[in-house]
Structures are given as structure tokens and as C-alpha cells.
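Taking it in order: structure first as C-alpha cells, then the write-up.
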Amino acid sequence: MVIDTLLKKREEDGRPIRVGMYGAGFMAKGIVNQISNSVPGMVLGVICNRNVEKAILAYRDAGLEASYASDSSKLSDLIAEGVPAVTDNPALLYESGDLDCLIDATGAIEYGANVSLGAIAHGRDMVTMNAELDGTVGPLLKKKADAAGVIFTACDGDQPGVQMNLWRFVKSIGLTPLVCGNIKGLQDPYRTPTTQAAFAAKWGQDPHMVTSFADGTKISFEQAIVANGTGMSILKRGMMGLEHRGHVDELVNAYDIEALKAVGGAVDYVVGAIPGPGVFVLAYHDDPKQQHYLNLYKLGTGPLYSFYTPYHLCHFEVPLSVARVVLLRDPVLQPLEGPKVEVVATAKRDLDAGETIDGLGGYMSYGQCERIDVASAQDLLPMGVAEGCVVKHAVAKDQVLTYADVVLPAGRTIDLLRREQAEMFAA
């Protein structure tokens, strides 16, 4: 809670944290409004988006009028004058010495990789909402950021960051977390942008992004980065994915504690539990004295105890992540070392030779969590590199793809980073 006090002091001193953001989609628009109207001591100085008009509209929706920054000098002038800026040139943000922190709100893997590399190379902290990128090459980007003396971190608000906050709290009071979980209302790997079109239209969201939530791809990336940030693993490919219509507290009886201990704890998700759409941590305590107290405090008899946060407030909390990074050098969620869990591409339908795999939340593939040792041994195709790959031969529905099944597009940054990450953490 020190963040609100520190931000207030920055406001009083006339030294607001100056932020630049990539992206102007649904979540990004929420961040614009939040920073502009509800966060003292912070200013969103510039938005970079490939469609500049969307960036202008994002500011306008927040009650602000923006000007186009054609070059670095113009951007610097606009920031100094307190005029919101927009641009379609990603380099203007990460090369700017007038910004304290950058936000990636794109969800685009290749674009996100390039702007993250640019930020690191130019000494800029990056708060990322791009779980897809983080789950693909996050361990490598974290190493590069460390070497550059900057922070590359996931954010509060999204479920991985909320889980990490809860994990840190539970550890701080002396328990051992054995499950980090995500509460979902729906999980159907065969959902498509067509089936999700009405829901997307109702909420003003992109049908492909909504599909990635419904088909399990998004939660796979989210839980993979939680695994990488906590050192946990999974109990099976795709996670357990229990269906449980009762309260999340009842899950203390749903897991084999010894199996959880054997893998160093597991990330997972549950469908239909109350309270959704929150997160939970199941943690272990074997001290009879402390078990007595926990029972007194209505957490049950143990040895597994339930802790949960009943909500995740996405864009509302992202500015707090920026403040944690800039003011306290406290990252929300980063890989501990090399990857523990990978997200692997799986055929959503029968695929034919010559087809080009569409994007995340599309018609052709969905993501599943797999242990990194298994994914490496079987040369499984990461979901984060699947888009744009050409299928070499027929692949059956629900078959996990391998690198041998596809031809990669030429010249992509993400493929270079994947090779570098594999070499870095080969041991």
C-alpha cells in the first residue's frame, strides 16, 4: 500500500512518472483512461500503435486530445508541454529519454519481441501485458534485461500477477505453496472467432483475443509464466483443469499432496469454481502448532490450506505495476531462471499439407502447457511461433505439432530468440 503514498508525493513534487505504451486495443484503452483520470503522480505521455487513429481515439475516450509525433524531437516537445502524443514508430518510445517506463499492451508476439528488445537495448524498463511473448521467450528477455540493468516484468491485474502477489503473501507467512490456480468460467479448445463473435461484440473486444481465452491458449500462457516465476511445474500436459462448481476452498481435498510435492508444486486451473474469475493458492503447513491457529482462523484442519483473490482487475492495476518498477524496483512476475513450462501448439482441427497456421485464438490451433524437458525432448512446436508456419503434411485434430511438422517463416525475430534461449538454458 506504500505505492499510493509514493505516487501522491510525485504528484505534489510535480515529478509524475512518465509512461509510454504500445497498443491501443481494448485493454490499452482502459489503461489510458485509468492513468489519465485516476492515477495521481503518473502521466501517459505517448501511445504507439500501428493504426494511429486508434491511439488518438483511445486518448479521446479518456477526455484528451493527442498530437502526432513524427520524430524524437517532436515527441520530446509534446511530453515537455504535457500534450499527449501518438506515433506509429516504435523506436521513438524506447529511444526517448523522457519516459520512465514502457508498457506492452499488444499481445502480439513478433511486434512485442522487437519493442521489448529495443527497450532493453536502450535502458528502458518494460511492464508487459504480453503473456504470449513472456511465455515464449520471457526467460531470455529477463536475462537480457538483467544484463542491461533494467526490469522486464509481467503486471498486476492480469491473473498471473495476482497469483504471484498471493504466492508471495502465502510464503511470507510461512506456508509452502503447492498449487497456483486460475478460476475459469469456460474451457473449450474448439472455440473459434465465429463461435465467440457475439460475446466479443457485446464487450467491444477482438474475437480472436476472446477465442484465445475460451480455447485455453491464453490461460496456458498465463500459467506457464507463473510456473516460470515460481519454479512450479504441471501434473500433466494441459494441466489438470478440474471442473468444480463449488467454492475454491473445497479444492484442498482435490489434489494428491505427495504428487504436488514431487513436482515442486503445480500450476493449474479450475472451471466453474466460486469465486470466479479470481485466482487461488493452495499451500501446505506441517507444524501442528500453526495448524491449530489456522484452524482457529477458519482455514480448516490442513495440511493443505486455501487462499484466494476473488477478482483480477486487469487495466486498473497495471499502473501500480509501473509504480512498483519505477519507484521500488520491485518486479511483479519474472522467470526465476530457465523455462519450466512451455506452451505447445495443438491442432484444433485436422490440418492439411500446405495450410498456413493462423494466429492465436484462431481456427487452426490451441495452446497447452507442457514441461520444458518433454517439449524439448519431443521437439514440440511452441504456440508462440506457430502463427505463419506452413504445415508440411497432414496433422490430425488434437495432435501436438512438432518442428518437423512445419516450415517456419523466414526472418522472424521470435525464431532467433527461441534458438538463443534454447542455447542459453541447454544445461
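Identifiers in the C-alpha cells: chain A, B, ... in order shown; residue index from 1 per chain; ligand index from 1 in order shown.
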Counting only C-alpha atoms, which residues of segment 240-328 of chain A sit at most 10 Å from some atom of segment 143-154 of chain A, and what is each one's closest atom pair with its distance in Å to one decimal, listed by chain and rising residue number, as a tab-separated table?
residue	atom	partner	partner_atom	distance
A:Val318	CA	A:Ala154	CA	9.3
A:Ser321	CA	A:Ala154	CA	8.3
A:Val322	CA	A:Thr153	CA	9.5
A:Val325	CA	A:Ile151	CA	7.2
A:Val326	CA	A:Ile151	CA	9.2
Find the nearest atom pair between each residue of segment 95-148 of chain A and segment 337-352 of chain A for residues within 12 Å, count only C-alpha atoms, give distances in Å to one decimal, sort rows by chain and ascending number, and present the table as a Markdown table.
| residue | atom | partner | partner_atom | distance |
| --- | --- | --- | --- | --- |
| A:Ala131 | CA | A:Val343 | CA | 11.0 |
| A:Glu132 | CA | A:Val343 | CA | 9.1 |
| A:Leu133 | CA | A:Val343 | CA | 10.9 |
| A:Asp134 | CA | A:Pro339 | CA | 10.3 |
| A:Gly135 | CA | A:Glu342 | CA | 7.0 |
| A:Thr136 | CA | A:Glu342 | CA | 7.3 |
| A:Val137 | CA | A:Pro339 | CA | 8.5 |
| A:Gly138 | CA | A:Pro339 | CA | 8.1 |
| A:Pro139 | CA | A:Gly338 | CA | 5.5 |
| A:Leu140 | CA | A:Gly338 | CA | 7.7 |
| A:Leu141 | CA | A:Gly338 | CA | 10.7 |
| A:Lys142 | CA | A:Glu337 | CA | 8.5 |
| A:Lys143 | CA | A:Glu337 | CA | 8.2 |
| A:Lys144 | CA | A:Glu337 | CA | 11.9 |
| A:Asp146 | CA | A:Glu337 | CA | 11.4 |
Check which residues of segment 334-415 of chain A sit at most 9 Å from segment 234-249 of chain A using only C-alpha atoms, and return one row each with the closest pair of atoms and their distance in Å to one decimal, ordered by chain and rising number, as JSON lines.
{"residue": "A:Val341", "atom": "CA", "partner": "A:Ile234", "partner_atom": "CA", "distance": 7.6}
{"residue": "A:Val343", "atom": "CA", "partner": "A:Gly238", "partner_atom": "CA", "distance": 8.9}
{"residue": "A:Gly367", "atom": "CA", "partner": "A:Gly238", "partner_atom": "CA", "distance": 8.3}
{"residue": "A:Gln368", "atom": "CA", "partner": "A:Gly238", "partner_atom": "CA", "distance": 4.7}
{"residue": "A:Cys369", "atom": "CA", "partner": "A:Gly238", "partner_atom": "CA", "distance": 4.8}
{"residue": "A:Glu370", "atom": "CA", "partner": "A:Arg237", "partner_atom": "CA", "distance": 4.9}
{"residue": "A:Arg371", "atom": "CA", "partner": "A:Ile234", "partner_atom": "CA", "distance": 6.9}
Given the selection you just returned, output its residues as a file containing all heavy atoms, formatted as a CSV table (one decimal), in the first residue's frame.
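Dumped to part_29.csv:
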chain,number,residue,atom,x,y,z
A,341,VAL,N,7.9,-24.5,-17.9
A,341,VAL,CA,6.8,-24.9,-18.6
A,341,VAL,C,6.7,-24.2,-19.9
A,341,VAL,O,6.9,-23.0,-20.0
A,341,VAL,CB,5.5,-24.7,-17.7
A,341,VAL,CG1,4.2,-25.0,-18.6
A,341,VAL,CG2,5.5,-25.6,-16.5
A,343,VAL,N,4.4,-23.6,-23.7
A,343,VAL,CA,3.1,-23.7,-24.3
A,343,VAL,C,3.2,-24.3,-25.7
A,343,VAL,O,3.9,-23.7,-26.5
A,343,VAL,CB,2.3,-22.4,-24.3
A,343,VAL,CG1,0.9,-22.5,-24.9
A,343,VAL,CG2,2.3,-21.8,-22.9
A,367,GLY,N,-3.3,-23.7,-27.6
A,367,GLY,CA,-2.1,-24.0,-26.8
A,367,GLY,C,-2.4,-24.8,-25.5
A,367,GLY,O,-3.4,-24.7,-24.9
A,368,GLN,N,-1.4,-25.7,-25.2
A,368,GLN,CA,-1.4,-26.5,-24.0
A,368,GLN,C,-0.1,-26.3,-23.2
A,368,GLN,O,1.0,-26.3,-23.9
A,368,GLN,CB,-1.6,-27.9,-24.3
A,368,GLN,CG,-2.9,-28.3,-24.9
A,368,GLN,CD,-3.1,-29.8,-25.0
A,368,GLN,OE1,-3.5,-30.5,-24.0
A,368,GLN,NE2,-2.7,-30.4,-26.1
A,369,CYS,N,-0.1,-26.4,-21.9
A,369,CYS,CA,1.1,-26.4,-21.1
A,369,CYS,C,1.7,-27.8,-21.2
A,369,CYS,O,1.1,-28.8,-21.1
A,369,CYS,CB,0.8,-26.0,-19.7
A,369,CYS,SG,0.5,-24.3,-19.3
A,370,GLU,N,3.1,-27.7,-21.3
A,370,GLU,CA,3.9,-29.0,-21.2
A,370,GLU,C,5.2,-28.6,-20.5
A,370,GLU,O,5.7,-27.5,-20.5
A,370,GLU,CB,4.1,-29.5,-22.6
A,370,GLU,CG,5.0,-30.8,-22.7
A,370,GLU,CD,4.4,-31.9,-21.9
A,370,GLU,OE1,4.6,-32.0,-20.7
A,370,GLU,OE2,3.7,-32.7,-22.5
A,371,ARG,N,5.7,-29.6,-19.8
A,371,ARG,CA,7.0,-29.5,-19.1
A,371,ARG,C,8.1,-29.2,-20.2
A,371,ARG,O,8.1,-29.8,-21.3
A,371,ARG,CB,7.4,-30.7,-18.3
A,371,ARG,CG,6.5,-31.0,-17.2
A,371,ARG,CD,7.1,-32.0,-16.2
A,371,ARG,NE,8.1,-32.9,-16.8
A,371,ARG,CZ,7.8,-34.2,-17.0
A,371,ARG,NH1,6.6,-34.7,-16.7
A,371,ARG,NH2,8.7,-35.0,-17.5
### Message
Quick check for you: according to DSSP on this backbone, which residues of segment 187-420 of chain A are classed as alpha helix (DSSP H)? Reply as a PyMOL selection string.
### Response
chain A and resi 197-203+207-214+217-230+257-262+288-296+314-328+372-377+383-386+413-420
#### Entry: From A:Thr87, A:Asn295, A:Thr106, A:Thr192, residue lying nearest Tyr363 of chain A [only C-alpha atoms]
A:Thr192
### Task
Using DSSP on the backbone, list every residue of segment 89-317 of chain A that comes out as strand (DSSP E), and give them as a ChimeraX atom specification.
/A:101-104,126-128,152-153,176-184,242-243,266-271,279-284,304-309
Keeping only C-alpha atoms, take the residues you just selected and write them out as a PDB file, in the first residue's frame.
ATOM      1  CA  CYS A 101       8.763   3.132 -18.169  1.00  0.00           C
ATOM      2  CA  LEU A 102       7.105   1.424 -21.134  1.00  0.00           C
ATOM      3  CA  ILE A 103       4.019  -0.803 -21.269  1.00  0.00           C
ATOM      4  CA  ASP A 104       3.446  -3.531 -23.861  1.00  0.00           C
ATOM      5  CA  MET A 126       9.174  -2.683 -19.580  1.00  0.00           C
ATOM      6  CA  VAL A 127       5.930  -3.734 -17.902  1.00  0.00           C
ATOM      7  CA  THR A 128       4.334  -6.283 -20.193  1.00  0.00           C
ATOM      8  CA  PHE A 152      11.243  -6.676 -17.714  1.00  0.00           C
ATOM      9  CA  THR A 153       8.185  -7.869 -15.795  1.00  0.00           C
ATOM     10  CA  THR A 176       4.636 -23.653   1.234  1.00  0.00           C
ATOM     11  CA  PRO A 177       2.547 -23.018  -1.906  1.00  0.00           C
ATOM     12  CA  LEU A 178       1.797 -26.247  -3.772  1.00  0.00           C
ATOM     13  CA  VAL A 179      -0.801 -25.040  -6.308  1.00  0.00           C
ATOM     14  CA  CYS A 180      -1.119 -21.709  -8.091  1.00  0.00           C
ATOM     15  CA  GLY A 181      -4.509 -21.729  -9.768  1.00  0.00           C
ATOM     16  CA  ASN A 182      -6.688 -19.743 -12.112  1.00  0.00           C
ATOM     17  CA  ILE A 183     -10.505 -19.830 -11.957  1.00  0.00           C
ATOM     18  CA  LYS A 184     -12.226 -20.029 -15.342  1.00  0.00           C
ATOM     19  CA  LEU A 242     -10.687 -29.737 -12.814  1.00  0.00           C
ATOM     20  CA  GLU A 243     -14.355 -28.902 -13.169  1.00  0.00           C
ATOM     21  CA  ALA A 266       1.973 -27.215  -9.821  1.00  0.00           C
ATOM     22  CA  VAL A 267       0.181 -24.510 -11.750  1.00  0.00           C
ATOM     23  CA  ASP A 268      -3.371 -25.360 -12.733  1.00  0.00           C
ATOM     24  CA  TYR A 269      -6.828 -24.023 -13.476  1.00  0.00           C
ATOM     25  CA  VAL A 270     -10.345 -24.937 -12.375  1.00  0.00           C
ATOM     26  CA  VAL A 271     -13.572 -24.416 -14.307  1.00  0.00           C
ATOM     27  CA  VAL A 279      -7.136 -16.910  -8.525  1.00  0.00           C
ATOM     28  CA  PHE A 280      -6.107 -19.219  -5.711  1.00  0.00           C
ATOM     29  CA  VAL A 281      -3.091 -20.679  -3.981  1.00  0.00           C
ATOM     30  CA  LEU A 282      -3.210 -23.967  -2.107  1.00  0.00           C
ATOM     31  CA  ALA A 283      -0.424 -24.077   0.458  1.00  0.00           C
ATOM     32  CA  TYR A 284       0.998 -26.637   2.881  1.00  0.00           C
ATOM     33  CA  LEU A 304      -3.430 -28.009   2.702  1.00  0.00           C
ATOM     34  CA  TYR A 305      -4.973 -24.548   3.037  1.00  0.00           C
ATOM     35  CA  SER A 306      -6.814 -22.350   0.557  1.00  0.00           C
ATOM     36  CA  PHE A 307      -6.032 -18.707  -0.129  1.00  0.00           C
ATOM     37  CA  TYR A 308      -7.735 -16.788  -2.899  1.00  0.00           C
ATOM     38  CA  THR A 309      -8.309 -13.414  -4.501  1.00  0.00           C
TER      39      THR A 309
END
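Reported to one decimal place, the separation of atom CA of Ser172 of chain A from atom CA of Leu260 of chain A is 20.0 Å.
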### Query
Pick the closest to Asn165 of chain A from A:Leu92, A:Ile79, A:Leu417, A:Val226: which is it, counting only C-alpha atoms?
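Going through A:Leu92, A:Ile79, A:Leu417, A:Val226 one by one, the smallest distance to Asn165 of chain A is for A:Val226.
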